Structure formats: C-alpha cells, structure tokens
Amino acid sequence: KAGVTQTPRYLIKTRGQQVTLSCSPISGHRSVSWYQQTPGQGLQFLFEYFSETQRNKGNFPGRFSGRQFSNSRSEMNVSTLELGDSALYLCASSPTFGEQFFGPGTRLTVL
Amino acid sequence: SQQGEEDPQALSIQEGENATMNCSYKTSINNLQWYRQNSGRGLVHLILIRSNEREKHSGRLRVTLDTSKKSSSLLITASRAADTASYFCATDAVETSGSRLTFGEGTQLTVNP
C-alpha cells in the first residue's frame, strides 16, 4: 500500500496570509490526525477526523481548522498566519485507532 | 504542552553498543507507541505496546511498559549508524476516544561508526 502523502512539502507564506495543507491517508484508513512540530513546543496534537467528523481537538486557536472528505482525504487550514505558526505539520492515518502512520510532513515557514 | 518526558535528552554511543531510552507519562493509557524521526522528516512507527502488555520485541527493539510507574523503555540492541535519529514515545490516553497521541520530548540518539 502507498503511504501517507502530504502536499505541498514546503511552503513559504507571509504574516496575515492563510494556508491550506493536504493529506491523503493510507487506502482504507478512516482516521486522519494532524500534529504540529516546533523546536520549542515539540509535537502537539491539532485535531483528528474520522468519517468526515472531527473526533478530537487539541488546544489550538480557532485559526486552525480542518476537514475530511468522503474519500478520507483531509485538509487543514490556518488563517491569519503568525510567525509562530512556522513548523513542520504532520498528518497521520490509522484504520480506526491504535497505530498511526505518519506522512513526510509539510514544512511551513511564515515570514 | 508535552505530558511525557523522555530521558536522556541526548545519547551518544558506538556502533554495536546497546541504547536504552526511557519515557514517563502522566495519564492512564490504552497503549504506548515508539516512533523514530530522521532530521525533521516524518515519524516512522516502530512498535506499539498495549496497557496489558509488559514487554514486546520487534527485531533489535525491545520495549517494556510499567503502568504502575507510568513508564516505558526502548532498548535498541547492536546499534548501527543508521539508527541515528530522534526517538519519541507517544501515549494514547484512556479518556480519549479515537486517535490522539501525546508525545514525549524525544531522545536524540547518535550512533558513531
């Protein structure tokens, strides 16, 4: 099976802009989770979607949002970008729960 | 914020030696997972141990879990230069439905040839 794919791999934006990141899970996986990784805060959970519904949400401001489509592909959106949003954004998929399989990540730089 | 702690934060060993990393967590868990990350890339799943298991093996990896102490350890035997990476433990808490992992701060392992 193909692994989790994320697009784009690298992104440069300026403060105030918005960005949309995409994640395609492993075929057959219905759960997609998003994580933010920064040197200061480490790996932090953003949210999880299962069957197009948000099942879990982390402690991030409302500028961070996501959605899942009927084919399980997911997108996350960050509006009004801040310098502190610069991070590696990781997407993970799993069948329902348990082992999560991560994609290569999207490196977002906010200038 | 991170709810897990790993020690050591950094570990440097010679090829062929064993590497042991420890992880502590705070809540009751369904399972604990270990991941490897190379140079800011994606996370590679290594092993999952359930809360009712005490030890698990996979190739050169051995994981132990002590739920009474809320701690786990990852042992890599006969290390290789290719094992150089950051290693993270992640817990799946009982009170969470679905998938939501809480990660430790990670151990940076360097294996010198």
# chains A, B, ... in the order shown; residues from 1 in each chain; ligands from 1
>>> interface_residues(of="chain A", to="chain B", cutoff="6 Å", atoms="only C-alpha atoms", output="list in words")
Phe97, Phe102, Gly103, Pro104 and Gly105 of chain A
>>> write_last_selection(atoms="N, CA, C and O atoms", output="PDB file, in the first residue's frame")
ATOM      1  N   PHE A  97      -8.269   3.306  15.303  1.00  0.00           N
ATOM      2  CA  PHE A  97      -7.460   3.850  16.379  1.00  0.00           C
ATOM      3  C   PHE A  97      -6.252   2.931  16.537  1.00  0.00           C
ATOM      4  O   PHE A  97      -6.137   1.921  15.857  1.00  0.00           O
ATOM      5  N   PHE A 102       2.545   8.045   9.824  1.00  0.00           N
ATOM      6  CA  PHE A 102       2.752   9.453   9.507  1.00  0.00           C
ATOM      7  C   PHE A 102       3.252   9.676   8.083  1.00  0.00           C
ATOM      8  O   PHE A 102       3.981   8.856   7.527  1.00  0.00           O
ATOM      9  N   GLY A 103       2.849  10.815   7.551  1.00  0.00           N
ATOM     10  CA  GLY A 103       3.377  11.269   6.278  1.00  0.00           C
ATOM     11  C   GLY A 103       4.691  12.009   6.470  1.00  0.00           C
ATOM     12  O   GLY A 103       5.159  12.161   7.611  1.00  0.00           O
ATOM     13  N   PRO A 104       5.299  12.491   5.388  1.00  0.00           N
ATOM     14  CA  PRO A 104       6.601  13.152   5.467  1.00  0.00           C
ATOM     15  C   PRO A 104       6.535  14.564   6.036  1.00  0.00           C
ATOM     16  O   PRO A 104       7.553  15.130   6.409  1.00  0.00           O
ATOM     17  N   GLY A 105       5.327  15.128   6.108  1.00  0.00           N
ATOM     18  CA  GLY A 105       5.173  16.455   6.687  1.00  0.00           C
ATOM     19  C   GLY A 105       5.224  17.568   5.654  1.00  0.00           C
ATOM     20  O   GLY A 105       5.730  17.405   4.539  1.00  0.00           O
TER      21      GLY A 105
END
>>> select_by_dssp(residues="chain A", states="strand (DSSP E)", output="PyMOL selection string")
chain A and resi 5-7+10-13+19-24+31-38+42-50+53-57+64-68+74-78+87-94+101-102+106-110
>>> closest_residue(among="A:Asn77, A:Thr5, A:Gln36, A:Ser86", to="Phe101 (chain A)", atoms="only C-alpha atoms")
A:Thr5
>>> atom_distance(atom1="CA of Thr67 (chain B)", atom2="CA of Leu109 (chain B)")
24.9 Å
>>> residues_around(residues="Pro8 (chain B)", least_positions_apart="5", cutoff="9 Å", atoms="only C-alpha atoms", output="list in words")
Thr20, Met21, Asn22, Gly106, Thr107 and Gln108 of chain B
